[in-house]
Each structure stands twice: as C-alpha cells, then as structure tokens.
$ cat target_9.cif   # mmCIF, C-alpha atoms
data_structure
loop_
_atom_site.label_atom_id
_atom_site.label_comp_id
_atom_site.auth_asym_id
_atom_site.auth_seq_id
_atom_site.Cartn_x
_atom_site.Cartn_y
_atom_site.Cartn_z
CA MET A 1 6.61 18.73 40.54
CA LYS A 2 6.44 18.65 44.35
CA LYS A 3 9.54 20.83 44.51
CA ILE A 4 7.97 23.44 42.18
CA LYS A 5 4.78 23.51 44.27
CA LEU A 6 6.82 23.93 47.46
CA LEU A 7 8.82 26.82 46.00
CA THR A 8 5.60 28.46 44.82
CA LEU A 9 4.09 28.23 48.30
CA VAL A 10 7.24 29.69 49.86
CA ALA A 11 7.22 32.58 47.39
CA LEU A 12 3.56 33.30 48.11
CA GLY A 13 4.24 33.19 51.84
CA LEU A 14 7.07 35.70 51.53
CA MET A 15 4.92 38.02 49.42
CA LEU A 16 2.14 37.94 51.98
CA MET A 17 4.56 38.46 54.87
CA TYR A 18 6.27 41.49 53.34
CA GLY A 19 3.00 42.83 52.00
CA CYS A 20 1.49 42.81 55.49
CA LYS A 21 4.63 44.42 56.88
CA ASP A 22 4.38 47.28 54.36
CA VAL A 23 0.74 47.89 55.30
CA GLN A 24 1.57 47.91 59.00
CA GLU A 25 4.40 50.41 58.49
CA GLN A 26 2.27 52.87 56.50
CA GLN A 27 1.15 56.00 58.29
CA PRO A 28 -2.57 55.96 59.14
CA VAL A 29 -4.67 58.00 56.73
CA GLN A 30 -6.38 60.98 58.36
CA SER A 31 -10.11 61.22 57.99
CA PHE A 32 -11.66 64.41 56.67
CA ASP A 33 -12.99 65.22 60.14
CA GLU A 34 -9.50 64.83 61.61
CA ILE A 35 -8.05 67.20 59.02
CA VAL A 36 -10.75 69.80 59.70
CA ALA A 37 -10.31 69.44 63.47
CA SER A 38 -6.54 69.98 63.31
CA ARG A 39 -6.60 72.94 60.93
CA ARG A 40 -5.91 76.30 62.53
CA SER A 41 -5.15 79.85 61.42
CA VAL A 42 -1.48 79.71 62.37
CA ARG A 43 0.36 82.84 63.46
CA ASN A 44 3.64 81.30 64.59
CA TYR A 45 5.77 79.39 62.05
CA ASP A 46 8.87 77.23 62.31
CA ALA A 47 11.44 79.16 60.25
CA SER A 48 13.80 76.16 60.09
CA LYS A 49 11.46 74.17 57.81
CA THR A 50 11.05 74.74 54.08
CA ILE A 51 8.52 73.71 51.43
CA SER A 52 9.32 72.75 47.83
CA GLU A 53 7.74 74.02 44.63
CA GLU A 54 6.46 70.51 43.93
CA GLN A 55 4.68 70.44 47.28
CA VAL A 56 2.98 73.77 46.63
CA ALA A 57 1.97 72.61 43.15
CA ASP A 58 0.35 69.56 44.72
CA LEU A 59 -1.81 71.82 46.91
CA ILE A 60 -2.83 74.01 43.97
CA MET A 61 -3.79 70.97 41.91
CA THR A 62 -6.26 70.11 44.67
CA ALA A 63 -7.52 73.71 44.83
CA MET A 64 -8.25 73.46 41.10
CA GLU A 65 -10.77 70.70 41.86
CA ALA A 66 -13.04 73.18 43.68
CA PRO A 67 -16.41 73.90 42.07
CA SER A 68 -16.94 77.22 40.31
CA TRP A 69 -19.70 79.05 38.45
CA ALA A 70 -20.18 77.28 35.07
CA ASN A 71 -16.73 75.76 35.62
CA GLN A 72 -15.13 79.15 34.92
CA GLN A 73 -12.26 78.37 37.31
CA PRO A 74 -11.49 82.07 37.88
CA THR A 75 -8.98 81.65 40.72
CA LYS A 76 -5.27 82.34 40.17
CA TYR A 77 -2.34 81.88 42.56
CA TYR A 78 0.88 83.91 42.70
CA VAL A 79 3.39 81.95 44.77
CA ALA A 80 6.42 83.64 46.32
CA MET A 81 9.18 81.27 47.45
CA ASP A 82 12.27 83.38 46.77
CA PRO A 83 13.26 84.92 50.16
CA GLU A 84 13.39 88.46 48.75
CA LYS A 85 9.94 88.13 47.18
CA VAL A 86 8.55 86.57 50.36
CA ALA A 87 9.94 89.44 52.43
CA ALA A 88 8.53 92.00 49.98
CA ILE A 89 5.03 90.54 50.32
CA LYS A 90 5.31 90.48 54.11
CA ASP A 91 6.06 94.21 53.97
CA LEU A 92 2.70 94.76 52.25
CA ILE A 93 0.31 93.00 54.66
CA GLY A 94 0.51 95.22 57.74
CA GLU A 95 2.78 95.03 60.77
CA GLY A 96 0.57 92.56 62.66
CA ASN A 97 0.43 90.08 59.81
CA LYS A 98 4.12 90.57 59.13
CA ARG A 99 4.88 89.45 62.70
CA ASN A 100 2.41 86.57 62.45
CA THR A 101 4.03 85.20 59.29
CA ALA A 102 7.68 85.87 60.17
CA GLY A 103 8.73 82.22 59.88
CA ALA A 104 6.54 81.22 56.94
CA PRO A 105 8.68 80.22 53.93
CA VAL A 106 5.94 80.67 51.32
CA MET A 107 3.56 83.57 50.66
CA ILE A 108 0.72 83.26 48.17
CA VAL A 109 -1.53 85.91 46.65
CA SER A 110 -4.93 84.60 45.57
CA THR A 111 -6.93 86.39 42.86
CA TYR A 112 -9.92 85.82 40.62
CA ILE A 113 -10.60 86.92 37.04
CA LYS A 114 -13.30 89.58 37.06
CA SER A 115 -16.70 89.30 35.37
CA ARG A 116 -16.60 85.54 34.74
CA SER A 117 -18.26 83.83 37.65
CA GLY A 118 -21.80 85.15 38.02
CA PHE A 119 -21.94 86.55 34.48
CA PHE A 120 -23.75 85.46 31.31
CA ARG A 121 -22.93 87.14 28.00
CA GLY A 122 -21.21 89.96 29.84
CA GLN A 123 -24.11 90.70 32.17
CA ALA A 124 -24.43 89.83 35.85
CA ALA A 125 -26.75 86.85 36.19
CA ASN A 126 -28.17 88.07 39.50
CA GLU A 127 -27.75 90.75 42.14
CA ILE A 128 -24.55 89.20 43.56
CA GLY A 129 -22.52 90.10 40.46
CA GLU A 130 -18.78 90.05 41.15
CA GLY A 131 -19.49 88.45 44.51
CA TRP A 132 -19.61 85.10 42.72
CA GLY A 133 -15.96 85.46 41.74
CA ALA A 134 -15.07 86.04 45.38
CA TYR A 135 -17.24 83.06 46.33
CA ASP A 136 -15.45 80.77 43.89
CA ASN A 137 -12.09 82.08 45.07
CA GLY A 138 -13.05 81.24 48.64
CA LEU A 139 -14.00 77.71 47.64
CA SER A 140 -10.64 77.19 45.95
CA ASN A 141 -8.81 78.60 48.96
CA ALA A 142 -10.76 76.29 51.29
CA PHE A 143 -9.66 73.28 49.24
CA PHE A 144 -6.10 74.64 49.32
CA ILE A 145 -5.83 75.08 53.09
CA LEU A 146 -7.45 71.72 53.86
CA LYS A 147 -5.09 69.92 51.49
CA ALA A 148 -2.22 71.83 53.08
CA ARG A 149 -3.26 70.55 56.49
CA GLU A 150 -3.53 66.99 55.18
CA ARG A 151 0.09 67.30 54.00
CA GLY A 152 1.16 68.56 57.43
CA PHE A 153 1.42 72.26 56.51
CA ASP A 154 -0.28 75.26 58.08
CA THR A 155 -1.81 78.43 56.70
CA LEU A 156 -3.16 81.86 57.52
CA ILE A 157 -5.58 83.66 55.19
CA MET A 158 -5.17 87.44 55.40
CA GLY A 159 -7.30 90.25 54.04
CA MET A 160 -5.21 93.25 55.09
CA ARG A 161 -2.83 94.04 52.22
CA ASP A 162 -1.74 96.79 49.83
CA SER A 163 -3.37 95.46 46.67
CA ASP A 164 -1.85 98.07 44.33
CA ALA A 165 1.66 97.34 45.55
CA LEU A 166 1.07 93.58 45.32
CA ARG A 167 -0.20 93.99 41.77
CA ASN A 168 3.01 95.82 40.79
CA LEU A 169 5.27 93.42 42.67
CA LEU A 170 3.82 90.26 41.12
CA ASP A 171 2.72 91.71 37.76
CA ILE A 172 -0.93 90.80 38.37
CA PRO A 173 -3.18 91.82 35.43
CA GLU A 174 -5.81 94.52 35.92
CA ASP A 175 -8.62 92.13 35.03
CA GLU A 176 -7.90 90.11 38.20
CA CYS A 177 -9.25 91.07 41.61
CA ILE A 178 -6.75 90.54 44.42
CA MET A 179 -8.50 88.74 47.27
CA ALA A 180 -6.36 87.14 49.96
CA VAL A 181 -2.76 86.63 50.93
CA ILE A 182 -2.06 83.15 52.32
CA SER A 183 1.00 82.19 54.33
CA LEU A 184 2.19 78.60 54.11
CA GLY A 185 4.57 76.80 56.45
CA TYR A 186 4.82 74.61 59.54
CA ARG A 187 3.36 75.61 62.88
CA ALA A 188 5.80 76.29 65.71
CA LEU A 189 3.03 76.21 68.32
CA ASP A 190 -0.40 74.62 68.46
CA PRO A 191 -3.00 77.42 68.45
CA VAL A 192 -6.02 77.22 70.72
CA ARG A 193 -9.21 76.31 68.87
CA PRO A 194 -11.69 79.23 69.04
CA ALA A 195 -15.24 78.32 70.04
CA ARG A 196 -17.77 77.77 67.26
CA LYS A 197 -21.36 78.95 67.36
CA PRO A 198 -24.00 76.43 68.40
CA LEU A 199 -25.77 74.72 65.51
CA ASN A 200 -29.12 76.35 66.25
CA GLU A 201 -27.62 79.77 65.55
CA VAL A 202 -26.51 78.94 62.02
CA VAL A 203 -29.13 76.61 60.58
CA LYS A 204 -32.88 76.35 60.06
CA PHE A 205 -34.46 73.07 59.04
CA PHE A 206 -37.77 73.12 57.17
#
$ encode --input "target_9.cif" --output "structure tokens"
Amino acid sequence: MKKIKLLTLVALGLMLMYGCKDVQEQQPVQSFDEIVASRRSVRNYDASKTISEEQVADLIMTAMEAPSWANQQPTKYYVAMDPEKVAAIKDLIGEGNKRNTAGAPVMIVSTYIKSRSGFFRGQAANEIGEGWGAYDNGLSNAFFILKARERGFDTLIMGMRDSDALRNLLDIPEDECIMAVISLGYRALDPVRPARKPLNEVVKFF
C-alpha cells in the first residue's frame, strides 16, 4: 500500500513539473490593446514569407463574428492566393498601391450584398440606405485586420481599384458592391505610427 501511495505521489509530481514547464514555454498572450497598438497599414511586405489557405480561413471566421444589421451578414471575401491571380489584382489597384503591396502573398477583395443591411421589406429603413451595408462591411474588415495582427500578419486596406475589372476577374455577382481590396502578408519594416487626434476633438460627453 505504501509503495502504491509513493508511486502515485511521484506521478503527480511529474505531472505538475511538466505542466508548469509547458505553461512557462507558452508564448505570452497579447492583450487587445497590444494588438491595436501594433497594427499598422503596412506598405512594405516580406516577399519570402507565405500564408496558407487555412490561416486565411481562420481570419475570415473571426470576421464573420462581426455584428451586422439584423444579422444579415452581408460581407463576402474573394481571396487570391494563386500568384497569377494576385498579380492580376495588383494591376487593378493603381501604381502606388501596386508598389506598396509588391511583396504581399495574398490579396483579398471585400464586398457586401446590396439592399440587405439597412433595409426592411425591400425599403430603406432610414436615410442611410446602402450606407449600412458599407458600415457592416467595415466592421467585418476591422475584425479581420485585428485578427490578422494577432496572428502576426499585416494588412493594408485600399479603396483605389478598378471595380468593373475586379468583378470580371473574380466573377463577383452584380448584386454585390465591391468595397475594399486588402493586402495580407508580413511586414518587412515597422511603419511609423501616425498621430491620432486628441480625445476632445472626437467625443462629447453629456
């Protein structure tokens, strides 16, 4: 009986020892504030690093958790990972953005389905109308880029693009509004953080 008790104590000791070792070796979890503070609009990517389809899917799953009008979830993502497709998209976002995203391995076109968010029985619920679809798309994209940063990736959201050519290239339906193009990759340089407005310029408390 004493021998069984001794072996049990030894086993428990080993479990505790290795359990503590595993905890110590884990990477520290970033806080939300740390993720926000390290996020930048990156315009210089490390072309030697790649991203997998599974990793992109993980980011989109988080983007799908964003709130939307009446849970319409109008946002869609068209993800280009094939080098030819990536290059074709980069040709459609202007020369400046093409240079900025030269090393990014993934290019994503973000859209929203028209006349869903902000509409009730086919009629705009208020004066914003289609603006609610754009709003919901922006919320989803915000979740996407913050999750990307948590995973160690970097992004750039771009508005300059040839929407008609993108629609043809990616077979995007006519009932979807093309909003942004997002590059995804790893930063090659740390961008300088632009100054933010002081709080008293953006908020009023009543």
$ resolve_selection --input "target_9.cif" --expression "the PyMOL selection byres ((chain A and resi 187) around 8)" --output "PyMOL selection string"
chain A and resi 42-46+153-154+185-186+188-190
$ atom_distance --input "target_9.cif" --atom1 "atom CA of A:Ile93" --atom2 "atom CA of A:Met160"
5.5 Å
$ resolve_selection --input "target_9.cif" --expression "the PyMOL selection byres ((chain A and resi 146) around 10)" --output "PyMOL selection string"
chain A and resi 32+35-36+38-40+59+62-63+141-145+147-155
$ write_last_selection --input "target_9.cif" --atoms "C-alpha atoms" --output "PDB file, in the frame of the given file"
ATOM      1  CA  PHE A  32     -11.660  64.410  56.670  1.00  0.00           C
ATOM      2  CA  ILE A  35      -8.050  67.200  59.020  1.00  0.00           C
ATOM      3  CA  VAL A  36     -10.750  69.800  59.700  1.00  0.00           C
ATOM      4  CA  SER A  38      -6.540  69.980  63.310  1.00  0.00           C
ATOM      5  CA  ARG A  39      -6.600  72.940  60.930  1.00  0.00           C
ATOM      6  CA  ARG A  40      -5.910  76.300  62.530  1.00  0.00           C
ATOM      7  CA  LEU A  59      -1.810  71.820  46.910  1.00  0.00           C
ATOM      8  CA  THR A  62      -6.260  70.110  44.670  1.00  0.00           C
ATOM      9  CA  ALA A  63      -7.520  73.710  44.830  1.00  0.00           C
ATOM     10  CA  ASN A 141      -8.810  78.600  48.960  1.00  0.00           C
ATOM     11  CA  ALA A 142     -10.760  76.290  51.290  1.00  0.00           C
ATOM     12  CA  PHE A 143      -9.660  73.280  49.240  1.00  0.00           C
ATOM     13  CA  PHE A 144      -6.100  74.640  49.320  1.00  0.00           C
ATOM     14  CA  ILE A 145      -5.830  75.080  53.090  1.00  0.00           C
ATOM     15  CA  LYS A 147      -5.090  69.920  51.490  1.00  0.00           C
ATOM     16  CA  ALA A 148      -2.220  71.830  53.080  1.00  0.00           C
ATOM     17  CA  ARG A 149      -3.260  70.550  56.490  1.00  0.00           C
ATOM     18  CA  GLU A 150      -3.530  66.990  55.180  1.00  0.00           C
ATOM     19  CA  ARG A 151       0.090  67.300  54.000  1.00  0.00           C
ATOM     20  CA  GLY A 152       1.160  68.560  57.430  1.00  0.00           C
ATOM     21  CA  PHE A 153       1.420  72.260  56.510  1.00  0.00           C
ATOM     22  CA  ASP A 154      -0.280  75.260  58.080  1.00  0.00           C
ATOM     23  CA  THR A 155      -1.810  78.430  56.700  1.00  0.00           C
TER      24      THR A 155
END
$ closest_residue --input "target_9.cif" --among "A:Asp33, A:Ala70, A:Thr111, A:Met64" --to "A:Pro173" --atoms "only C-alpha atoms"
A:Thr111
$ resolve_selection --input "target_9.cif" --expression "the PyMOL selection byres ((chain A and resi 138) around 10)" --output "VMD selection string"
chain A and resid 66 75 110 to 112 132 to 137 139 to 144 179 to 180
$ residues_around --input "target_9.cif" --residues "A:Arg167" --least-positions-apart "4" --cutoff "12 Å" --atoms "all atoms listed in the file" --output "ChimeraX atom specification"
/A:78,89,92,109-111,161-163,171-179
$ atom_distance --input "target_9.cif" --atom1 "atom CA of A:Ala57" --atom2 "atom CA of A:Tyr77"
10.2 Å
$ residues_near_point --input "target_9.cif" --point "(-5.5, 88.3, 59.3)" --cutoff "9 Å" --atoms "all atoms listed in the file" --output "PyMOL selection string"
chain A and resi 41+93+96-97+100+156-160+181
$ closest_residue --input "target_9.cif" --among "A:Met61, A:Leu184, A:Val86, A:Ala195" --to "A:Leu170" --atoms "only C-alpha atoms"
A:Val86
$ atom_distance --input "target_9.cif" --atom1 "atom CA of A:Ser52" --atom2 "atom CA of A:Met81"
8.5 Å
$ closest_residue --input "target_9.cif" --among "A:Ala80, A:Val29, A:Ala104, A:Ala37" --to "A:Arg196" --atoms "all atoms listed in the file"
A:Ala37
